[in-house]
>>> print(open('coords-v7.cif').read())   # mmCIF, C-alpha atoms and all ligand atoms
data_final
#
loop_
_atom_site.label_atom_id
_atom_site.label_comp_id
_atom_site.auth_asym_id
_atom_site.auth_seq_id
_atom_site.Cartn_x
_atom_site.Cartn_y
_atom_site.Cartn_z
CA MET A 15 46.56 46.19 90.94
CA GLU A 16 45.68 46.54 94.62
CA ALA A 17 48.34 46.62 97.30
CA ILE A 18 49.78 43.24 98.14
CA GLU A 19 48.89 42.08 101.62
CA ASP A 20 51.35 42.40 104.46
CA ARG A 21 53.37 39.20 104.35
CA GLY A 22 55.82 39.05 107.22
CA GLY A 23 53.72 40.71 109.94
CA PRO A 24 54.34 44.04 111.62
CA ALA A 25 57.62 43.01 113.27
CA GLN A 26 59.37 42.25 109.97
CA PRO A 27 61.05 45.39 108.60
CA LEU A 28 59.46 46.69 105.41
CA LEU A 29 62.93 47.26 104.01
CA ALA A 30 66.23 45.92 105.34
CA VAL A 31 69.34 47.43 103.79
CA LYS A 32 72.72 45.76 104.30
CA GLY A 33 76.16 46.89 103.17
CA LEU A 34 74.84 49.23 100.47
CA VAL A 35 77.63 50.80 98.40
CA LYS A 36 77.58 53.24 95.49
CA HIS A 37 80.84 54.53 94.08
CA PHE A 38 80.88 56.83 91.04
CA PRO A 39 83.98 56.60 88.87
CA LEU A 40 85.40 60.00 87.90
CA LYS A 41 86.78 59.69 84.40
CA GLY A 42 89.27 62.02 82.82
CA GLY A 43 92.41 62.25 80.73
CA LEU A 44 92.90 61.42 77.08
CA PHE A 45 91.45 57.91 77.22
CA GLY A 46 88.62 58.61 79.65
CA ARG A 47 90.16 56.33 82.22
CA THR A 48 88.84 56.25 85.78
CA GLN A 49 90.91 58.78 87.68
CA ALA A 50 89.23 58.59 91.05
CA VAL A 51 86.13 57.26 92.75
CA VAL A 52 83.40 59.22 94.55
CA ARG A 53 82.41 57.09 97.54
CA ALA A 54 78.92 58.57 97.68
CA VAL A 55 77.36 55.74 99.71
CA ASP A 56 79.75 53.48 101.55
CA GLY A 57 78.31 50.55 103.43
CA LEU A 58 74.89 51.71 104.62
CA GLU A 59 73.02 49.41 106.96
CA PHE A 60 69.54 50.14 108.32
CA ASP A 61 65.96 48.94 108.51
CA VAL A 62 62.83 50.83 107.56
CA LEU A 63 60.06 49.61 109.87
CA LYS A 64 56.48 49.12 108.76
CA GLY A 65 54.40 52.24 109.17
CA GLU A 66 57.22 54.48 110.38
CA THR A 67 58.72 57.68 109.00
CA LEU A 68 62.47 57.32 108.91
CA GLY A 69 64.15 60.72 108.60
CA ILE A 70 67.56 60.97 106.94
CA VAL A 71 69.66 64.07 107.67
CA GLY A 72 73.15 65.24 106.83
CA GLU A 73 74.97 68.05 105.08
CA SER A 74 74.93 68.62 101.35
CA GLY A 75 76.90 65.96 99.50
CA CYS A 76 76.78 63.32 102.26
CA GLY A 77 74.92 60.91 99.99
CA LYS A 78 71.24 61.40 100.86
CA SER A 79 69.95 61.59 97.28
CA THR A 80 72.21 58.75 96.18
CA THR A 81 70.70 56.68 99.00
CA ALA A 82 67.19 57.63 97.82
CA ARG A 83 67.98 56.59 94.24
CA LEU A 84 69.44 53.30 95.44
CA LEU A 85 66.41 52.57 97.63
CA MET A 86 64.19 53.28 94.64
CA ARG A 87 66.55 51.20 92.47
CA LEU A 88 66.84 53.99 89.93
CA MET A 89 70.42 52.74 89.83
CA ASP A 90 72.17 49.57 90.86
CA PRO A 91 74.38 49.49 93.94
CA ASN A 92 77.99 48.29 93.62
CA ALA A 93 77.40 46.05 96.61
CA GLY A 94 74.83 45.32 99.26
CA THR A 95 71.43 43.74 99.58
CA MET A 96 67.92 45.04 100.03
CA ILE A 97 65.19 42.84 101.51
CA PHE A 98 61.66 44.12 101.01
CA ASP A 99 59.14 42.55 103.37
CA GLY A 100 61.21 39.37 103.48
CA GLU A 101 62.02 39.15 99.76
CA GLY A 102 65.36 39.90 98.12
CA VAL A 103 65.01 42.88 95.76
CA GLY A 104 66.10 42.14 92.20
CA GLU A 105 66.86 38.54 93.05
CA ASN A 106 65.71 35.36 91.39
CA GLU A 107 61.93 35.09 91.56
CA GLN A 108 62.01 31.28 91.72
CA ALA A 109 64.29 31.53 94.75
CA GLY A 110 61.80 33.76 96.58
CA GLY A 111 63.11 37.07 95.23
CA LEU A 112 61.20 40.12 94.09
CA THR A 113 61.65 41.37 90.51
CA LEU A 114 62.63 45.02 90.08
CA ARG A 115 59.34 45.61 88.29
CA ASP A 116 57.30 44.33 91.24
CA TYR A 117 59.51 46.18 93.69
CA ARG A 118 59.22 49.49 91.83
CA ARG A 119 55.47 49.28 91.94
CA GLN A 120 55.52 49.12 95.73
CA VAL A 121 58.09 51.87 96.23
CA GLN A 122 57.57 55.38 94.90
CA MET A 123 59.50 58.61 95.15
CA VAL A 124 58.80 62.33 95.42
CA PHE A 125 61.59 64.76 94.50
CA GLN A 126 62.29 68.32 95.54
CA ASP A 127 61.81 69.88 92.14
CA SER A 128 58.07 69.79 91.57
CA TYR A 129 58.22 71.24 88.06
CA ALA A 130 60.99 69.15 86.52
CA SER A 131 59.30 65.90 87.47
CA LEU A 132 56.02 66.72 85.69
CA ASN A 133 55.45 66.36 81.94
CA PRO A 134 54.30 69.84 80.76
CA ARG A 135 52.18 68.35 77.96
CA LEU A 136 50.03 66.13 80.16
CA THR A 137 47.02 67.36 82.10
CA ILE A 138 47.05 66.76 85.85
CA GLU A 139 44.56 63.92 85.43
CA GLU A 140 46.62 62.26 82.70
CA THR A 141 49.76 62.66 84.80
CA ILE A 142 48.30 60.80 87.76
CA ALA A 143 46.49 58.19 85.64
CA PHE A 144 49.57 57.41 83.53
CA ALA A 145 51.25 54.76 85.70
CA PRO A 146 48.06 52.89 86.67
CA ARG A 147 47.19 52.68 82.96
CA ILE A 148 50.65 51.33 82.09
CA HIS A 149 50.17 48.75 84.82
CA GLY A 150 46.96 47.49 83.27
CA LEU A 151 44.13 49.52 84.80
CA SER A 152 41.44 50.49 82.25
CA GLY A 153 41.42 54.13 81.12
CA GLU A 154 38.18 54.80 82.97
CA LYS A 155 39.37 53.26 86.24
CA ALA A 156 42.71 55.06 86.00
CA VAL A 157 40.93 58.41 85.62
CA THR A 158 38.64 57.61 88.55
CA ARG A 159 41.67 56.82 90.66
CA ALA A 160 43.40 60.02 89.54
CA ARG A 161 40.36 62.07 90.59
CA GLU A 162 40.16 60.31 93.96
CA LEU A 163 43.81 61.07 94.57
CA LEU A 164 43.40 64.70 93.54
CA ALA A 165 40.72 65.04 96.18
CA ALA A 166 42.93 63.21 98.70
CA VAL A 167 45.75 65.74 98.21
CA GLY A 168 43.34 68.64 98.66
CA LEU A 169 42.85 69.73 95.03
CA ALA A 170 39.22 69.72 93.88
CA PRO A 171 39.09 67.46 90.79
CA ALA A 172 36.53 69.71 89.10
CA ASN A 173 39.01 72.59 89.24
CA PHE A 174 42.30 70.85 88.66
CA ALA A 175 41.91 67.60 86.66
CA LEU A 176 42.19 69.22 83.25
CA ARG A 177 44.80 71.86 84.03
CA TYR A 178 48.48 71.72 83.03
CA PRO A 179 51.47 71.90 85.39
CA HIS A 180 52.40 75.47 84.38
CA GLU A 181 49.01 76.68 85.59
CA LEU A 182 49.75 75.61 89.17
CA SER A 183 51.72 77.03 92.10
CA GLY A 184 54.77 75.19 93.49
CA GLY A 185 52.76 73.84 96.40
CA GLN A 186 49.99 72.60 94.10
CA ARG A 187 52.52 70.93 91.80
CA GLN A 188 54.08 69.15 94.75
CA ARG A 189 50.61 67.90 95.73
CA ILE A 190 50.30 66.48 92.20
CA ASN A 191 53.66 64.75 92.55
CA ILE A 192 52.48 63.23 95.81
CA ALA A 193 49.19 62.09 94.23
CA ARG A 194 51.10 60.56 91.33
CA ALA A 195 53.42 58.72 93.73
CA LEU A 196 50.37 57.17 95.41
CA ALA A 197 48.66 56.13 92.17
CA LEU A 198 50.06 52.59 92.19
CA ARG A 199 49.14 52.11 95.86
CA PRO A 200 52.75 51.82 97.05
CA LYS A 201 53.78 50.64 100.50
CA LEU A 202 56.91 52.77 100.77
CA VAL A 203 57.34 56.37 99.66
CA ILE A 204 60.78 57.95 99.50
CA LEU A 205 60.60 61.71 99.84
CA ASP A 206 63.82 63.52 98.87
CA GLU A 207 63.62 67.10 100.16
CA PRO A 208 59.90 67.22 99.27
CA VAL A 209 59.22 70.58 100.91
CA SER A 210 62.61 72.28 100.59
CA ALA A 211 61.63 74.40 97.59
CA LEU A 212 58.37 75.63 99.14
CA ASP A 213 57.58 78.78 101.11
CA LYS A 214 57.35 78.24 104.86
CA SER A 215 53.54 78.52 105.02
CA VAL A 216 53.09 76.11 102.10
CA GLU A 217 55.72 73.81 103.57
CA ALA A 218 53.64 73.34 106.73
CA GLN A 219 50.52 72.53 104.69
CA VAL A 220 52.32 69.93 102.57
CA LEU A 221 53.91 68.35 105.66
CA ASN A 222 50.51 68.03 107.30
CA LEU A 223 49.12 66.56 104.09
CA LEU A 224 51.91 63.96 104.10
CA VAL A 225 51.07 63.04 107.70
CA ASP A 226 47.37 62.64 106.81
CA LEU A 227 48.04 60.59 103.66
CA LYS A 228 50.34 58.28 105.57
CA ALA A 229 47.53 57.40 107.96
CA GLU A 230 44.87 57.20 105.25
CA PHE A 231 46.84 54.90 102.93
CA GLY A 232 48.87 52.97 105.53
CA LEU A 233 52.19 54.19 104.13
CA THR A 234 55.78 54.02 105.29
CA TYR A 235 58.06 57.00 104.59
CA VAL A 236 61.75 57.59 104.15
CA PHE A 237 61.95 61.36 104.52
CA ILE A 238 65.17 63.07 103.45
CA SER A 239 65.91 66.66 104.39
CA HIS A 240 68.71 68.95 105.43
CA ASP A 241 66.18 70.80 107.63
CA LEU A 242 66.46 69.41 111.15
CA ASN A 243 63.23 71.03 112.34
CA VAL A 244 61.21 69.45 109.55
CA VAL A 245 62.78 66.05 110.19
CA GLN A 246 62.05 66.33 113.91
CA TYR A 247 58.43 67.16 113.20
CA ILE A 248 57.74 64.31 110.81
CA SER A 249 60.02 61.43 111.84
CA ASP A 250 59.62 58.49 114.20
CA ARG A 251 63.29 57.58 113.86
CA VAL A 252 66.21 59.51 112.45
CA LEU A 253 69.34 58.39 110.61
CA VAL A 254 72.29 60.79 110.51
CA MET A 255 74.66 60.45 107.54
CA TYR A 256 78.19 61.72 107.17
CA LEU A 257 80.21 61.15 104.00
CA GLY A 258 78.27 58.13 102.80
CA GLU A 259 78.02 56.41 106.18
CA VAL A 260 75.54 56.13 109.06
CA VAL A 261 77.03 57.86 112.11
CA GLU A 262 74.00 57.76 114.39
CA MET A 263 70.47 56.43 114.31
CA GLY A 264 67.63 56.17 116.79
CA PRO A 265 64.16 57.24 117.90
CA VAL A 266 63.55 60.92 117.14
CA ASP A 267 63.57 61.96 120.81
CA ALA A 268 66.84 60.15 121.48
CA ILE A 269 68.51 61.89 118.54
CA TYR A 270 67.19 65.36 119.40
CA GLU A 271 67.53 65.14 123.19
CA ARG A 272 70.42 62.73 123.74
CA ALA A 273 72.49 62.91 120.56
CA GLY A 274 75.74 61.03 121.10
CA HIS A 275 77.84 61.56 117.99
CA PRO A 276 79.84 64.79 117.97
CA TYR A 277 78.65 65.38 114.40
CA THR A 278 74.96 65.06 115.33
CA ARG A 279 75.50 67.34 118.32
CA ALA A 280 77.21 69.94 116.16
CA LEU A 281 74.50 69.70 113.50
CA LEU A 282 71.79 70.24 116.12
CA ASP A 283 73.71 73.08 117.67
CA SER A 284 74.10 74.79 114.32
CA ARG A 285 70.34 75.24 114.04
CA PRO A 286 69.51 78.92 114.04
CA SER A 287 68.21 79.97 117.44
CA MET A 288 64.90 81.78 117.56
CA ASP A 289 66.04 83.55 120.70
CA PRO A 290 68.28 86.59 120.07
CA ALA A 291 69.78 86.09 123.56
CA PHE A 292 71.45 82.98 122.18
CA ARG A 293 73.14 84.36 119.13
CA ARG A 294 76.33 82.49 118.52
CA THR A 295 79.71 83.96 117.75
CA LYS A 296 80.99 81.05 115.72
CA PRO A 297 79.29 78.01 114.28
CA PRO A 298 80.05 74.64 115.90
CA LEU A 299 80.59 73.01 112.52
CA THR A 300 83.22 74.73 110.48
CA GLY A 301 84.61 73.94 107.07
CA ASP A 302 83.02 71.93 104.32
CA PRO A 303 82.80 68.19 104.80
CA PRO A 304 85.85 66.51 103.28
CA ASN A 305 85.50 65.23 99.78
CA PRO A 306 83.91 61.80 99.30
CA VAL A 307 86.56 61.19 96.63
CA ASN A 308 89.19 60.78 99.30
CA PRO A 309 87.52 60.38 102.70
CA PRO A 310 89.66 60.42 105.87
CA SER A 311 90.84 57.07 107.25
CA GLY A 312 89.21 55.63 110.37
CA CYS A 313 86.38 57.88 111.52
CA ARG A 314 85.46 60.12 108.61
CA PHE A 315 84.45 62.96 110.94
CA ARG A 316 87.87 63.15 112.57
CA THR A 317 89.10 66.11 110.48
CA ARG A 318 86.36 68.28 112.03
CA CYS A 319 85.91 66.59 115.42
CA PRO A 320 87.22 68.38 118.53
CA TYR A 321 87.66 65.01 120.30
CA ALA A 322 89.66 63.24 117.58
CA GLU A 323 92.60 61.17 118.86
CA ALA A 324 95.11 58.84 117.21
CA VAL A 325 92.73 55.87 117.38
CA CYS A 326 90.17 57.83 115.34
CA ALA A 327 92.58 57.89 112.37
CA GLU A 328 93.66 54.29 112.84
CA ARG A 329 90.38 52.45 113.10
CA LYS A 330 86.81 52.95 111.97
CA PRO A 331 84.59 53.07 115.09
CA LEU A 332 82.21 50.17 115.67
CA MET A 333 78.50 50.84 115.93
CA ALA A 334 77.77 51.08 119.67
CA ASN A 335 74.33 50.44 121.13
CA LEU A 336 73.09 53.12 123.54
CA GLY A 337 69.81 51.26 124.20
CA ASP A 338 66.27 51.52 122.81
CA GLY A 339 67.52 51.21 119.26
CA HIS A 340 69.81 54.23 119.58
CA ILE A 341 73.13 53.43 117.89
CA VAL A 342 76.20 55.56 117.36
CA SER A 343 79.50 55.14 115.56
CA CYS A 344 82.15 56.86 117.72
CA HIS A 345 85.13 55.52 119.65
CA MET A 346 83.95 57.45 122.71
CA ALA A 347 80.80 55.29 122.79
CA SER A 348 82.65 51.95 122.98
CA ALA A 349 84.41 50.91 126.18
CA GLY A 350 87.87 49.59 125.35
CA SER A 351 88.14 51.36 121.99
CA GLY A 352 91.45 52.97 122.98
CA HIS A 353 90.05 56.51 123.04
CA SER A 354 90.85 58.39 126.27
CA LYS A 355 87.12 59.03 126.70
CA ALA A 356 86.06 55.48 125.72
CA GLY A 357 82.72 54.58 127.28
CA ARG A 358 82.24 58.16 128.51
CA LEU A 359 80.52 59.65 125.49
CA TYR A 360 78.06 61.73 127.46
CA GLU A 361 80.72 63.13 129.76
CA VAL A 362 82.24 65.26 127.02
CA PRO A 363 80.39 68.50 126.43
CA PRO A 364 78.81 68.83 123.00
CA PRO A 365 81.04 70.78 120.64
CA ARG A 366 79.09 73.93 121.33
CA ALA A 367 79.89 77.33 120.02
CA GLU A 368 80.29 80.11 122.53
CA MET A 369 76.99 81.75 123.28
CA VAL A 370 76.75 85.48 123.81
CA ALA A 371 74.14 87.33 125.79
N1 LIG B 401 76.07 60.63 89.02
C1 LIG B 401 77.10 61.05 89.78
N2 LIG B 401 78.37 61.02 89.34
C2 LIG B 401 79.41 61.41 90.10
N3 LIG B 401 79.26 61.86 91.38
C3 LIG B 401 78.03 61.89 91.89
C4 LIG B 401 76.87 61.50 91.13
N4 LIG B 401 75.77 61.67 91.91
C5 LIG B 401 76.22 62.15 93.10
N5 LIG B 401 77.57 62.29 93.09
C6 LIG B 401 78.41 62.74 94.21
O1 LIG B 401 78.12 61.91 95.31
C7 LIG B 401 78.13 62.65 96.53
C8 LIG B 401 76.78 62.53 97.20
O2 LIG B 401 75.80 63.22 96.43
P1 LIG B 401 74.26 63.27 96.84
O3 LIG B 401 73.54 63.99 95.76
O4 LIG B 401 73.81 61.89 97.15
O5 LIG B 401 74.29 64.13 98.17
P2 LIG B 401 73.10 64.79 99.00
O6 LIG B 401 73.33 64.40 100.43
O7 LIG B 401 71.79 64.43 98.41
O8 LIG B 401 73.37 66.36 98.85
P3 LIG B 401 72.30 67.58 98.82
O9 LIG B 401 71.93 67.84 100.26
O10 LIG B 401 73.10 68.70 98.25
O11 LIG B 401 71.15 67.18 97.97
C9 LIG B 401 78.48 64.09 96.13
O12 LIG B 401 79.87 64.26 96.30
C10 LIG B 401 78.11 64.14 94.67
O13 LIG B 401 78.89 65.10 93.99
S1 LIG B 402 85.46 58.44 116.56
FE1 LIG B 402 86.89 60.05 117.16
S2 LIG B 402 86.86 61.52 115.48
FE2 LIG B 402 85.08 60.20 115.25
S3 LIG B 402 83.43 61.31 116.23
FE3 LIG B 402 84.29 59.92 117.77
S4 LIG B 402 85.87 61.09 118.83
FE4 LIG B 402 85.36 62.24 116.95
MG MG B 403 70.19 65.56 97.60
#
>>> encode(input="coords-v7.cif", output="C-alpha cells")
Amino acid sequence: MEAIEDRGGPAQPLLAVKGLVKHFPLKGGLFGRTQAVVRAVDGLEFDVLKGETLGIVGESGCGKSTTARLLMRLMDPNAGTMIFDGEGVGENEQAGGLTLRDYRRQVQMVFQDSYASLNPRLTIEETIAFAPRIHGLSGEKAVTRARELLAAVGLAPANFALRYPHELSGGQRQRINIARALALRPKLVILDEPVSALDKSVEAQVLNLLVDLKAEFGLTYVFISHDLNVVQYISDRVLVMYLGEVVEMGPVDAIYERAGHPYTRALLDSRPSMDPAFRRTKPPLTGDPPNPVNPPSGCRFRTRCPYAEAVCAERKPLMANLGDGHIVSCHMASAGSGHSKAGRLYEVPPPRAEMVA
C-alpha cells in the first residue's frame, strides 16, 4: 500500500513520453463511417523529471486535456510509449513492464470541475477513503488516512469528515479532490486546470497548498493551465503546445524571459498588462487556432506566424536545442533550414502588438 521506492535514481525521468498520438475519428453520414480525424495529440515527446512541476500551456483545443487523459491512461493512445521510472506502462509484466493497474495507483489526477468529480452521496471521509479501501486497506486504516489527508489539505477533520460535497465551497471541494488524489500515495499528480474555476483569492490559497503538499509528500506534478501567470508561478519547466504538438519547452525562466518560438512570444505578449500605459491596440495573436481536423502542413503555426516562409509550409521544423534544456521547433532556430532567418531566431523582434501610451 505504501509508495514504491524510487527505482532508477533521481536522474532517471519519472515519466518519459515518446511519439504519443491520439486521433479521434469523427463519424457521420448514413452508415456512421469515419468522415475525418481530429489530430488532438500528434507525436508528443517529453520527460517529466522526478520532483519537478512541469507546466503545460497552450490555447483552448490544443490538446492539453487529451494529453492529461493519455498520461493518466484514461484512454489508450493510437501510438507512442510511456516509460514510468524505467518500466514500460501497460507492457508485459514478465518483460519488465508495469501493468495499467499498478501504474494508475502511482499516477493520480485532479480536474477543473470540483463538483462533477465528487460523488454527492458520499461523505467527504468516505470519498477520500474509497480508493485506499478498494486497494486493500482496512476500513479503519482508510478512514485514518482520509482524516490525515483532510488535515493536510487544511480542512479540520472534526468539521469536515462527515459533510457532503454540496455543503462545501468550490475551494473546499477542490481541496477534497486534492486529498482524494493523494490517498493512494501517488508519485505523479496530473492537475488539469485545477484552479481555473476558483476566485482569485481562493486560487492563490490552493496554489500554495499544492506547493506545500508537493514538498510534504515528495510529489511530481504535471500542471496544465491556460493561465500563463499561474504556470510561471508554479512550474520548474514549461511545455508549450500548439495543435497537438510541442513547439517549445524549457526551464521556466528560459520560456518567460527568452522565449524563442513566435507562438510562445505571442502568447506571452497577449497577457493582459497591469500597467495602463501599456494598453495594446491589437492583440499579437489573432484568429482562432486552425482546426486539428485539418492542421496546416509543415509548421502548424504558419497560418498565424508573421515570419512564415515557403519552407514553413514544405517541411515540419526540427526540434532545435537552445542550450540548458531549452528546445524549440521553428525553422528560424535551425541553421541551414532554408528560412531566410535560419539560425537568427533572436534577431527577429517578437510579434508584438503596437503599444500605446
Ligand atoms: N472524445 C473526443 N472526441 C472527438 N474530439 C475530441 C474528443 N476530446 C477532445 N477532442 C478534440 O480534440 C482537441 C483537443 O481537445 P482538448 O480537450 O485536449 O483541448 P484543451 O487544450 O484541453 O482545451 P481547453 O483549454 O479548452 O480545455 C479539440 O479539437 C477537441 O474538440
Ligand atoms: S517554422 Fe516558420 S511558420 Fe513556424 S514558427 Fe517558425 S517561422 Fe513561423
Ligand atoms: Mg482542457
>>> closest_residue(input="coords-v7.cif", among="A:Leu253, A:Ala30, A:Val216, A:Ala268", to="Gly100 (chain A)", atoms="only C-alpha atoms")
A:Ala30
>>> atom_distance(input="coords-v7.cif", atom1="CA of Gly22 (chain A)", atom2="CA of Tyr235 (chain A)")
18.3 Å
>>> closest_residue(input="coords-v7.cif", among="A:Ile204, A:Gly33, A:Asn92, A:His240", to="ligand MG 403 (chain B)", atoms="all atoms listed in the file")
A:His240
>>> closest_residue(input="coords-v7.cif", among="A:Pro208, A:Pro146, A:Gly23, A:Pro286", to="ligand MG 403 (chain B)", atoms="all atoms listed in the file")
A:Pro208
>>> residues_near_ligand(input="coords-v7.cif", ligand="ligand MG 403 (chain B)", cutoff="8 Å", atoms="all atoms listed in the file", output="PyMOL selection string")
chain A and resi 74-75+77-80+206-207
>>> write_last_selection(input="coords-v7.cif", atoms="C-alpha atoms", output="CSV table (one decimal), in the frame of the given file")
chain,number,residue,atom,x,y,z
A,74,SER,CA,74.9,68.6,101.4
A,75,GLY,CA,76.9,66.0,99.5
A,77,GLY,CA,74.9,60.9,100.0
A,78,LYS,CA,71.2,61.4,100.9
A,79,SER,CA,70.0,61.6,97.3
A,80,THR,CA,72.2,58.8,96.2
A,206,ASP,CA,63.8,63.5,98.9
A,207,GLU,CA,63.6,67.1,100.2
>>> closest_atom_pairs(input="coords-v7.cif", of="region 234-282 of chain A", to="region 341-347 of chain A", cutoff="7 Å", atoms="all atoms listed in the file", output="Markdown table")
| residue | atom | partner | partner_atom | distance |
| --- | --- | --- | --- | --- |
| A:Val261 | CA | A:Ser343 | CA | 5.0 |
| A:Glu262 | CA | A:Val342 | CA | 4.3 |
| A:Met263 | CA | A:Ile341 | CA | 5.4 |
| A:Gly264 | CA | A:Ile341 | CA | 6.2 |
| A:Gly274 | CA | A:Val342 | CA | 6.6 |
| A:His275 | CA | A:Val342 | CA | 6.3 |
>>> closest_residue(input="coords-v7.cif", among="A:Leu112, A:Val71, A:Ala172, A:Ile97", to="Leu282 (chain A)", atoms="all atoms listed in the file")
A:Val71
>>> residues_near_ligand(input="coords-v7.cif", ligand="ligand LIG 402 (chain B)", cutoff="10 Å", atoms="all atoms listed in the file", output="JSON, numbers by chain")
{"A": [261, 274, 275, 276, 277, 278, 312, 313, 314, 315, 316, 317, 318, 319, 320, 321, 322, 323, 324, 325, 326, 327, 328, 329, 330, 331, 332, 342, 343, 344, 345, 346, 347, 348, 351, 353, 354, 355, 356, 359, 362]}
>>> write_last_selection(input="coords-v7.cif", atoms="C-alpha atoms", output="compact mmCIF listing (two decimals), keeping the file's coordinate frame")
# COMPACT_ATOMS: atom_id res chain seq x y z
CA VAL A 261 77.03 57.86 112.11
CA GLY A 274 75.74 61.03 121.10
CA HIS A 275 77.84 61.56 117.99
CA PRO A 276 79.84 64.79 117.97
CA TYR A 277 78.65 65.38 114.40
CA THR A 278 74.96 65.06 115.33
CA GLY A 312 89.21 55.63 110.37
CA CYS A 313 86.38 57.88 111.52
CA ARG A 314 85.46 60.12 108.61
CA PHE A 315 84.45 62.96 110.94
CA ARG A 316 87.87 63.15 112.57
CA THR A 317 89.10 66.11 110.48
CA ARG A 318 86.36 68.28 112.03
CA CYS A 319 85.91 66.59 115.42
CA PRO A 320 87.22 68.38 118.53
CA TYR A 321 87.66 65.01 120.30
CA ALA A 322 89.66 63.24 117.58
CA GLU A 323 92.60 61.17 118.86
CA ALA A 324 95.11 58.84 117.21
CA VAL A 325 92.73 55.87 117.38
CA CYS A 326 90.17 57.83 115.34
CA ALA A 327 92.58 57.89 112.37
CA GLU A 328 93.66 54.29 112.84
CA ARG A 329 90.38 52.45 113.10
CA LYS A 330 86.81 52.95 111.97
CA PRO A 331 84.59 53.07 115.09
CA LEU A 332 82.21 50.17 115.67
CA VAL A 342 76.20 55.56 117.36
CA SER A 343 79.50 55.14 115.56
CA CYS A 344 82.15 56.86 117.72
CA HIS A 345 85.13 55.52 119.65
CA MET A 346 83.95 57.45 122.71
CA ALA A 347 80.80 55.29 122.79
CA SER A 348 82.65 51.95 122.98
CA SER A 351 88.14 51.36 121.99
CA HIS A 353 90.05 56.51 123.04
CA SER A 354 90.85 58.39 126.27
CA LYS A 355 87.12 59.03 126.70
CA ALA A 356 86.06 55.48 125.72
CA LEU A 359 80.52 59.65 125.49
CA VAL A 362 82.24 65.26 127.02
>>> axis_aligned_box(input="coords-v7.cif", around="ligand LIG 401 (chain B)", padding_each_side="6 Å", output="AutoDock Vina command-line options")
--center_x 75.5 --center_y 64.7 --center_z 94.7 --size_x 20.7 --size_y 20.1 --size_z 23.4
>>> closest_residue(input="coords-v7.cif", among="A:Pro200, A:Pro134, A:Gly69, A:Gly258", to="Val35 (chain A)", atoms="only C-alpha atoms")
A:Gly258
>>> atom_distance(input="coords-v7.cif", atom1="CA of Asp283 (chain A)", atom2="CA of Pro303 (chain A)")
16.5 Å
>>> residues_near_ligand(input="coords-v7.cif", ligand="ligand LIG 401 (chain B)", cutoff="10 Å", atoms="all atoms listed in the file", output="ChimeraX atom specification")
/A:36-41,51-55,70-84,89,126,206-207,238-241,255-258,303-307
>>> atom_distance(input="coords-v7.cif", atom1="CA of Gly352 (chain A)", atom2="CA of Met333 (chain A)")
14.9 Å
>>> residues_near_point(input="coords-v7.cif", point="(51.9, 64.5, 84.1)", cutoff="10 Å", atoms="all atoms listed in the file", output="MDAnalysis selection string")
chainID A and resid 131:145 178:179 190:191 194
>>> closest_residue(input="coords-v7.cif", among="A:Gly339, A:Gly185, A:Gly111, A:Gly42", to="Leu169 (chain A)", atoms="only C-alpha atoms")
A:Gly185
>>> decode(input="coords-v7.cif", residues="region 305-318 of chain A", atoms="N, CA and C atoms", output="short mmCIF file (atom, residue, chain, number, x, y, z; two decimals), in the first residue's frame")
data_model
loop_
_atom_site.label_atom_id
_atom_site.label_comp_id
_atom_site.auth_asym_id
_atom_site.auth_seq_id
_atom_site.Cartn_x
_atom_site.Cartn_y
_atom_site.Cartn_z
N ASN A 305 -8.09 24.31 -37.18
CA ASN A 305 -8.77 23.13 -36.68
C ASN A 305 -7.83 21.91 -36.64
N PRO A 306 -7.82 21.18 -35.54
CA PRO A 306 -6.98 19.97 -35.51
C PRO A 306 -7.49 18.86 -36.43
N VAL A 307 -8.65 19.08 -37.07
CA VAL A 307 -9.13 18.09 -38.04
C VAL A 307 -8.27 18.15 -39.30
N ASN A 308 -7.83 19.35 -39.63
CA ASN A 308 -7.06 19.50 -40.87
C ASN A 308 -5.92 20.49 -40.63
N PRO A 309 -4.92 20.08 -39.85
CA PRO A 309 -3.87 21.05 -39.49
C PRO A 309 -3.03 21.43 -40.70
N PRO A 310 -2.45 22.65 -40.68
CA PRO A 310 -1.61 23.08 -41.80
C PRO A 310 -0.41 22.15 -41.99
N SER A 311 0.08 22.05 -43.21
CA SER A 311 1.29 21.26 -43.49
C SER A 311 2.50 21.96 -42.87
N GLY A 312 3.59 21.22 -42.77
CA GLY A 312 4.84 21.82 -42.26
C GLY A 312 4.66 22.29 -40.84
N CYS A 313 5.01 23.55 -40.59
CA CYS A 313 4.83 24.12 -39.25
C CYS A 313 3.36 24.49 -39.07
N ARG A 314 2.75 23.96 -38.05
CA ARG A 314 1.31 24.17 -37.87
C ARG A 314 0.96 25.61 -37.49
N PHE A 315 1.96 26.37 -37.04
CA PHE A 315 1.69 27.76 -36.65
C PHE A 315 1.77 28.71 -37.85
N ARG A 316 2.13 28.19 -39.01
CA ARG A 316 2.47 29.09 -40.13
C ARG A 316 1.30 29.98 -40.56
N THR A 317 0.06 29.53 -40.37
CA THR A 317 -1.08 30.34 -40.82
C THR A 317 -1.28 31.59 -39.95
N ARG A 318 -0.59 31.65 -38.80
CA ARG A 318 -0.72 32.82 -37.93
C ARG A 318 0.63 33.47 -37.66
#
